[in-house]
Amino acid sequence: MVNSKREETGPNTRASRTALAEGMGDMISLMPIPVAVFDTATRLVATSAAFQESYGVAISGASEPGDGDLLPWLPEGYPAARDKALTGEVVQCDETRTTLPDGRVIRNRWITAPIHRDGGVAGIILIIEDISAGKDSLPPTALRAERIAEAMDAAGIALFEVDFDRDAFLATGSARQLLETQEVPDSYEKWLALAAPEDRAQFDAVYRAALDPTGSRKFSIEFKLADSAAPKVIELRGNIRFDEACDPPRPLGVVGAILDRTERARISEALVQAQRLETVGRMAGLIAHDFNNLLTVILSNLELASRAEMAEIARDHLERAIDATQIGAGFNQRLLALAGARTPKPVCFDLDAQLAETWTLLERVLGEQVHLRLLPGADHGQVYMDRGELDGALLNLVINARDAMTATGTITIQTGCARFDAHQAAEIDGARPGCFLTVSVTDTGQGMTPDVRRQALDPFFTTKDAQVGNGLGLTSVASSVARAGGFLHIDTAPDKGTTITLYLPETEGEPTPAPADHHDALRMGDGQLVLVVEDDPLVREAVLDRLEALGYAVIEAANASEALAQIEAGEPVELLFSDVVLPGTFSGFDLVDRARARDPALPVLLTSGHTSEPFSGRPETEREVELLTKPYSLSTLSAAVARALKPEGPPP
């Protein structure tokens, strides 16, 4: 074979060759097919493991010789194709015969293409496929670059490379389709802007941790696209390359992949939803029992209050009834949060304070046979996640702990702080370096065997009867914790009990107050006319009485049609206060639309007892309408009505 090796030498050429090898070596070495990369002087700079195995060529043997010296068996027609590739042209061959150094004659098909960098050709890539096997039965098929791209598109994968020194970014063509952008981001700030706002803090934290040379130097960042036409989840996986000659090592660039994780996220969310429904079903008997107790307390106190002769005694009984009602309301809201098909809404909150809020619910689940202890130790540390998902995770863990104990026992919930370096994180599956707040649930039950422990997080794996559970409990807990950027660890042994620890990334910021019903001073009205739309006559009467007590004039309607008839008849309505769920075809939202079509400035206020996502899919203007969740106190009602009448006031 004629050797037409280029006569390009000197430090600049060697530097270019080194940069090419460093930039593509990691990516090429993982290719499952024979692939070789040459620089512009036709020297071999990188090969896949499959290339070395098939043709017995080690990259260490390519210090100076060109392709013709090192690989004299290269396919016929390759020299001419190589020259064309160096000018920027792609050349492919459907079939050729090649005699290898060991005398074997093989048939292969191949393609050679230019590698572009900084506006020019920096080298060429050669892909060879042995088609000798089955040649008589299978027709030749060209190995086309576009077919490789099609396969990557079908798998939802794109490759990328970043060179920090040259400020250069390279990516395969499918990257734009995956990211739904006209141009692939060429800076870290643009990448961060692609992520949904709620995912940016976690994106930044994971990437900066990978830049630490003492860590794993790898990253996996999962985020929702901010401006996607439909919900889409993307994962970035990659390795940070470092210059080890520096002290400390200096980051040189990134090699990685872009993956479409939308379907996986959808399946994960479906598992969580299934577990929520299972949890509610298992608790149906407990719910009825608890609410019967609460109703008994309310009824007893109200009956005593009606018979009492002394005002102080009556006040005491009424206050107990109100307290019991508020406990029931809070209990009900937490159950709705667990059962509802709701989008997670992460906020920053104090971990120990949230556990204190959840304590009543957890105690009611366990009953009197199991002792529950809380040992707070997070020292006012804060996490960023959905409150309902944390409550659901704890509820699952507590129920599992209860079921693991035959009769009586103790469950301990303990919070704390943990910090992992790279070495410590490597000892726990799924862990990563960083600062975390911990929540541990420990039981005195029977524990798990090593085999059960290995399968504990697998979907649908369970050691319980089919009537008790479907094996999604720990799977949903792991999914919730992963969405918050954390992980969990199981410490268990037969007859030694079980401790499951959740590790949640510690965060900083202004904590979001928990929804609460504060006993603020009542904000009185001044005779404004309020139209109350409510189909339940008892509830409607109670609302009318409350509004009149607050100083408002009231009129009423049982449905949207009656309400619209009164407005169109000229009633001087100053506030429309409606339930969301109404009889007939009109909802509270539809009523707002019709009423504001007549009077765009009409103040409105909505209320509901069971809409988990009331504003989903509604126009932006309606999302500004406040929604009161039933049941609500008199002070909450007074404040909401005042805000609706004076929208320039403080937000709800």
# chains A, B, ... in the order shown; residues from 1 in each chain; ligands from 1
$ residues_around --residues "stretch 226-232 of chain A" --least-positions-apart "6" --cutoff "9 Å" --atoms "only C-alpha atoms" --output "list in words"
Leu179, Glu180, Ala193, Leu194, Ala195, Ala196, Pro197, Asp260, Arg261, Thr262, Glu263 and Ala265 of chain A
$ atom_distance --atom1 "atom CA of A:Leu236" --atom2 "atom CA of A:Ala36"
25.9 Å
$ closest_residue --among "A:Glu574, A:Glu198, A:Asp247, A:Glu76" --to "A:Leu602" --atoms "only C-alpha atoms"
A:Glu574
$ closest_atom_pairs --of "stretch 200-228 of chain A" --to "stretch 431-438 of chain A" --cutoff "12 Å" --atoms "only C-alpha atoms" --output "Markdown table"
| residue | atom | partner | partner_atom | distance |
| --- | --- | --- | --- | --- |
| A:Gln202 | CA | A:Gly434 | CA | 11.9 |
| A:Ala205 | CA | A:Gly434 | CA | 9.1 |
| A:Val206 | CA | A:Arg432 | CA | 9.0 |
| A:Tyr207 | CA | A:Pro433 | CA | 11.8 |
| A:Arg208 | CA | A:Gly434 | CA | 10.7 |
| A:Ala209 | CA | A:Pro433 | CA | 7.4 |
| A:Ala210 | CA | A:Pro433 | CA | 9.3 |
| A:Leu211 | CA | A:Pro433 | CA | 11.9 |
| A:Asp212 | CA | A:Pro433 | CA | 10.0 |
| A:Pro213 | CA | A:Pro433 | CA | 12.0 |
| A:Thr214 | CA | A:Pro433 | CA | 9.9 |
| A:Gly215 | CA | A:Pro433 | CA | 7.1 |
| A:Ser216 | CA | A:Arg432 | CA | 8.4 |
| A:Arg217 | CA | A:Pro433 | CA | 10.8 |
| A:Lys218 | CA | A:Arg432 | CA | 10.1 |
| A:Phe219 | CA | A:Arg432 | CA | 9.6 |
| A:Ser220 | CA | A:Arg432 | CA | 10.5 |
$ residues_around --residues "A:Ile567" --least-positions-apart "4" --cutoff "9 Å" --atoms "only C-alpha atoms" --output "PDB file with N, CA and C atoms, in the first residue's frame"
ATOM      1  N   LEU A 531     -72.219  38.225  47.011  1.00  0.00           N
ATOM      2  CA  LEU A 531     -73.049  37.154  46.452  1.00  0.00           C
ATOM      3  C   LEU A 531     -72.368  35.818  46.752  1.00  0.00           C
ATOM      4  N   GLU A 562     -78.348  30.703  38.829  1.00  0.00           N
ATOM      5  CA  GLU A 562     -79.014  31.629  39.740  1.00  0.00           C
ATOM      6  C   GLU A 562     -78.140  32.855  40.008  1.00  0.00           C
ATOM      7  N   ALA A 563     -76.833  32.615  40.157  1.00  0.00           N
ATOM      8  CA  ALA A 563     -75.925  33.729  40.428  1.00  0.00           C
ATOM      9  C   ALA A 563     -75.892  34.699  39.250  1.00  0.00           C
ATOM     10  N   GLU A 571     -78.370  43.419  40.493  1.00  0.00           N
ATOM     11  CA  GLU A 571     -77.957  43.444  41.897  1.00  0.00           C
ATOM     12  C   GLU A 571     -76.557  44.070  41.986  1.00  0.00           C
ATOM     13  N   PRO A 572     -76.370  45.047  42.888  1.00  0.00           N
ATOM     14  CA  PRO A 572     -75.072  45.755  42.980  1.00  0.00           C
ATOM     15  C   PRO A 572     -74.018  44.923  43.714  1.00  0.00           C
ATOM     16  N   VAL A 573     -73.685  43.773  43.144  1.00  0.00           N
ATOM     17  CA  VAL A 573     -72.741  42.849  43.795  1.00  0.00           C
ATOM     18  C   VAL A 573     -71.340  43.461  43.814  1.00  0.00           C
ATOM     19  N   ALA A 595     -69.161  36.180  34.733  1.00  0.00           N
ATOM     20  CA  ALA A 595     -69.379  37.402  35.509  1.00  0.00           C
ATOM     21  C   ALA A 595     -68.404  38.503  35.102  1.00  0.00           C
ATOM     22  N   ARG A 598     -69.070  40.447  31.932  1.00  0.00           N
ATOM     23  CA  ARG A 598     -69.999  41.561  32.119  1.00  0.00           C
ATOM     24  C   ARG A 598     -69.337  42.718  32.854  1.00  0.00           C
TER      25      ARG A 598
END
$ residues_around --residues "stretch 374-385 of chain A" --least-positions-apart "3" --cutoff "9 Å" --atoms "only C-alpha atoms" --output "PyMOL selection string"
chain A and resi 344-353+355-356+359+388-390+411-417+436-439+480-481+483-485+504-509+511
$ write_last_selection --atoms "C-alpha atoms" --output "tab-separated table (two decimals), in the first residue's frame"
chain	number	residue	atom	x	y	z
A	344	PRO	CA	-44.62	18.51	43.51
A	345	LYS	CA	-44.09	22.07	44.76
A	346	PRO	CA	-40.71	22.22	46.49
A	347	VAL	CA	-40.15	24.95	49.07
A	348	CYS	CA	-37.46	25.74	51.62
A	349	PHE	CA	-38.48	24.69	55.15
A	350	ASP	CA	-37.13	23.79	58.59
A	351	LEU	CA	-36.88	19.98	58.81
A	352	ASP	CA	-37.50	19.65	62.56
A	353	ALA	CA	-40.43	22.07	62.44
A	355	LEU	CA	-41.75	16.84	61.60
A	356	ALA	CA	-43.42	18.51	64.56
A	359	TRP	CA	-46.44	14.33	64.44
A	388	GLY	CA	-46.35	16.59	50.98
A	389	GLU	CA	-43.71	14.25	49.55
A	390	LEU	CA	-41.73	14.33	52.80
A	411	ILE	CA	-40.47	3.52	66.48
A	412	THR	CA	-37.90	6.30	66.72
A	413	ILE	CA	-37.68	9.20	64.28
A	414	GLN	CA	-34.41	11.06	64.60
A	415	THR	CA	-33.04	14.00	62.62
A	416	GLY	CA	-29.45	15.13	62.29
A	417	CYS	CA	-26.70	16.41	60.02
A	436	PHE	CA	-27.09	16.67	54.18
A	437	LEU	CA	-29.84	16.69	56.78
A	438	THR	CA	-30.91	13.22	57.85
A	439	VAL	CA	-34.21	11.67	58.90
A	480	SER	CA	-39.41	11.30	46.46
A	481	VAL	CA	-35.97	11.60	48.07
A	483	ARG	CA	-36.42	14.27	43.37
A	484	ALA	CA	-35.10	16.36	46.25
A	485	GLY	CA	-31.52	15.52	45.22
A	504	LEU	CA	-31.66	15.39	52.04
A	505	PRO	CA	-29.36	18.16	50.73
A	506	GLU	CA	-29.08	20.99	53.23
A	507	THR	CA	-30.01	24.34	51.75
A	508	GLU	CA	-30.01	27.98	52.74
A	509	GLY	CA	-32.60	30.66	52.24
A	511	PRO	CA	-37.95	29.32	54.92
$ select_by_dssp --residues "stretch 356-474 of chain A" --states "alpha helix (DSSP H)" --output "PyMOL selection string"
chain A and resi 356-366+387-403+422-425+450-455+473-474
